Amino acid sequence: MPAPRHTTSTAERGSFCLAVCTCGWQGPARRSRDLARKDATAHPAPPEPAQA
């Protein structure tokens with residue numbers, strides 16, 4: 001079974017923006033959308049599965 005992919009986006013919560021991922025991860029709340037996007041970009045991808 002392939003590992004689930006990490007798909008990140010940003011979400012608005014009142015006057016804050018945060019990065020979120022389909023794996024359940026959430027970045028810190030930011031007032032800057034640009035910083036939230038950078039948090040999403042920096043979120044690590046899952047490790048590649050070992051080839052047998």
# chains A, B, ... in the order shown; residues from 1 in each chain; ligands from 1
>>> residues_around(residues="Gln26 (chain A)", least_positions_apart="6", cutoff="12 Å", atoms="only C-alpha atoms", output="number ranges by chain")
A: 6-11, 17-20, 36-37, 39-40, 42-43
>>> write_last_selection(atoms="all heavy atoms", output="tab-separated table (two decimals), in the first residue's frame")
chain	number	residue	atom	x	y	z
A	6	HIS	N	1.40	13.95	1.41
A	6	HIS	CA	1.19	15.15	2.20
A	6	HIS	C	0.76	16.26	1.25
A	6	HIS	O	1.50	16.62	0.35
A	6	HIS	CB	2.49	15.58	2.91
A	6	HIS	CG	2.85	14.70	4.06
A	6	HIS	ND1	2.91	15.17	5.35
A	6	HIS	CD2	3.15	13.39	4.13
A	6	HIS	CE1	3.25	14.18	6.15
A	6	HIS	NE2	3.40	13.10	5.43
A	7	THR	N	-0.44	16.75	1.44
A	7	THR	CA	-0.94	17.86	0.64
A	7	THR	C	-1.19	19.02	1.59
A	7	THR	O	-2.03	18.91	2.48
A	7	THR	CB	-2.24	17.47	-0.09
A	7	THR	OG1	-1.98	16.31	-0.87
A	7	THR	CG2	-2.72	18.60	-0.97
A	8	THR	N	-0.45	20.10	1.42
A	8	THR	CA	-0.56	21.24	2.32
A	8	THR	C	-1.36	22.36	1.68
A	8	THR	O	-1.43	22.48	0.45
A	8	THR	CB	0.83	21.77	2.72
A	8	THR	OG1	1.55	22.10	1.55
A	8	THR	CG2	1.60	20.76	3.53
A	9	SER	N	-1.96	23.17	2.53
A	9	SER	CA	-2.68	24.37	2.11
A	9	SER	C	-2.67	25.33	3.28
A	9	SER	O	-2.08	25.05	4.32
A	9	SER	CB	-4.12	24.02	1.70
A	9	SER	OG	-4.82	23.46	2.79
A	10	THR	N	-3.32	26.45	3.12
A	10	THR	CA	-3.44	27.40	4.22
A	10	THR	C	-4.91	27.55	4.58
A	10	THR	O	-5.79	27.35	3.74
A	10	THR	CB	-2.85	28.78	3.87
A	10	THR	OG1	-3.48	29.28	2.70
A	10	THR	CG2	-1.35	28.70	3.65
A	11	ALA	N	-5.17	27.88	5.82
A	11	ALA	CA	-6.53	28.06	6.31
A	11	ALA	C	-6.60	29.36	7.10
A	11	ALA	O	-5.66	29.71	7.83
A	11	ALA	CB	-6.94	26.89	7.21
A	17	CYS	N	-3.69	33.11	9.85
A	17	CYS	CA	-3.59	32.14	8.77
A	17	CYS	C	-2.62	31.06	9.24
A	17	CYS	O	-1.64	31.35	9.92
A	17	CYS	CB	-3.03	32.84	7.52
A	17	CYS	SG	-3.01	31.81	6.05
A	18	LEU	N	-2.91	29.80	8.92
A	18	LEU	CA	-2.01	28.74	9.30
A	18	LEU	C	-1.93	27.71	8.20
A	18	LEU	O	-2.84	27.57	7.39
A	18	LEU	CB	-2.43	28.08	10.62
A	18	LEU	CG	-3.78	27.40	10.67
A	18	LEU	CD1	-3.69	26.19	11.58
A	18	LEU	CD2	-4.80	28.36	11.23
A	19	ALA	N	-0.80	27.02	8.17
A	19	ALA	CA	-0.60	25.94	7.22
A	19	ALA	C	-1.22	24.68	7.79
A	19	ALA	O	-1.13	24.41	8.99
A	19	ALA	CB	0.89	25.73	6.98
A	20	VAL	N	-1.88	23.89	6.94
A	20	VAL	CA	-2.46	22.62	7.35
A	20	VAL	C	-2.09	21.56	6.32
A	20	VAL	O	-1.79	21.86	5.18
A	20	VAL	CB	-4.01	22.71	7.49
A	20	VAL	CG1	-4.40	23.64	8.62
A	20	VAL	CG2	-4.65	23.17	6.20
A	36	ALA	N	2.78	31.67	6.57
A	36	ALA	CA	2.02	30.42	6.64
A	36	ALA	C	2.31	29.56	5.40
A	36	ALA	O	2.46	28.34	5.52
A	36	ALA	CB	0.53	30.70	6.76
A	37	ARG	N	2.40	30.19	4.23
A	37	ARG	CA	2.75	29.43	3.02
A	37	ARG	C	4.15	28.85	3.13
A	37	ARG	O	4.39	27.71	2.70
A	37	ARG	CB	2.63	30.33	1.78
A	37	ARG	CG	1.21	30.57	1.35
A	37	ARG	CD	1.14	31.23	-0.01
A	37	ARG	NE	1.62	32.61	0.02
A	37	ARG	CZ	0.85	33.67	0.22
A	37	ARG	NH1	-0.45	33.51	0.39
A	37	ARG	NH2	1.36	34.88	0.22
A	39	ASP	N	5.62	27.98	5.92
A	39	ASP	CA	5.49	26.85	6.86
A	39	ASP	C	5.01	25.60	6.10
A	39	ASP	O	5.50	24.50	6.33
A	39	ASP	CB	4.50	27.17	7.98
A	39	ASP	CG	5.00	28.22	8.96
A	39	ASP	OD1	6.23	28.43	9.04
A	39	ASP	OD2	4.16	28.82	9.64
A	40	ALA	N	4.02	25.79	5.22
A	40	ALA	CA	3.48	24.66	4.45
A	40	ALA	C	4.54	24.06	3.54
A	40	ALA	O	4.68	22.84	3.45
A	40	ALA	CB	2.26	25.11	3.63
A	42	ALA	N	7.73	24.11	4.00
A	42	ALA	CA	8.78	23.48	4.81
A	42	ALA	C	8.32	22.18	5.47
A	42	ALA	O	9.14	21.42	5.98
A	42	ALA	CB	9.26	24.44	5.89
A	43	HIS	N	7.01	21.90	5.46
A	43	HIS	CA	6.50	20.67	6.07
A	43	HIS	C	7.10	19.48	5.34
A	43	HIS	O	7.04	19.40	4.12
A	43	HIS	CB	4.97	20.64	6.00
A	43	HIS	CG	4.37	19.39	6.57
A	43	HIS	ND1	4.54	19.02	7.89
A	43	HIS	CD2	3.60	18.43	6.00
A	43	HIS	CE1	3.88	17.89	8.09
A	43	HIS	NE2	3.32	17.50	6.97
>>> atom_distance(atom1="CA of Gly27 (chain A)", atom2="CA of Thr41 (chain A)")
10.7 Å
>>> atom_distance(atom1="CA of Arg5 (chain A)", atom2="CA of Arg30 (chain A)")
24.5 Å
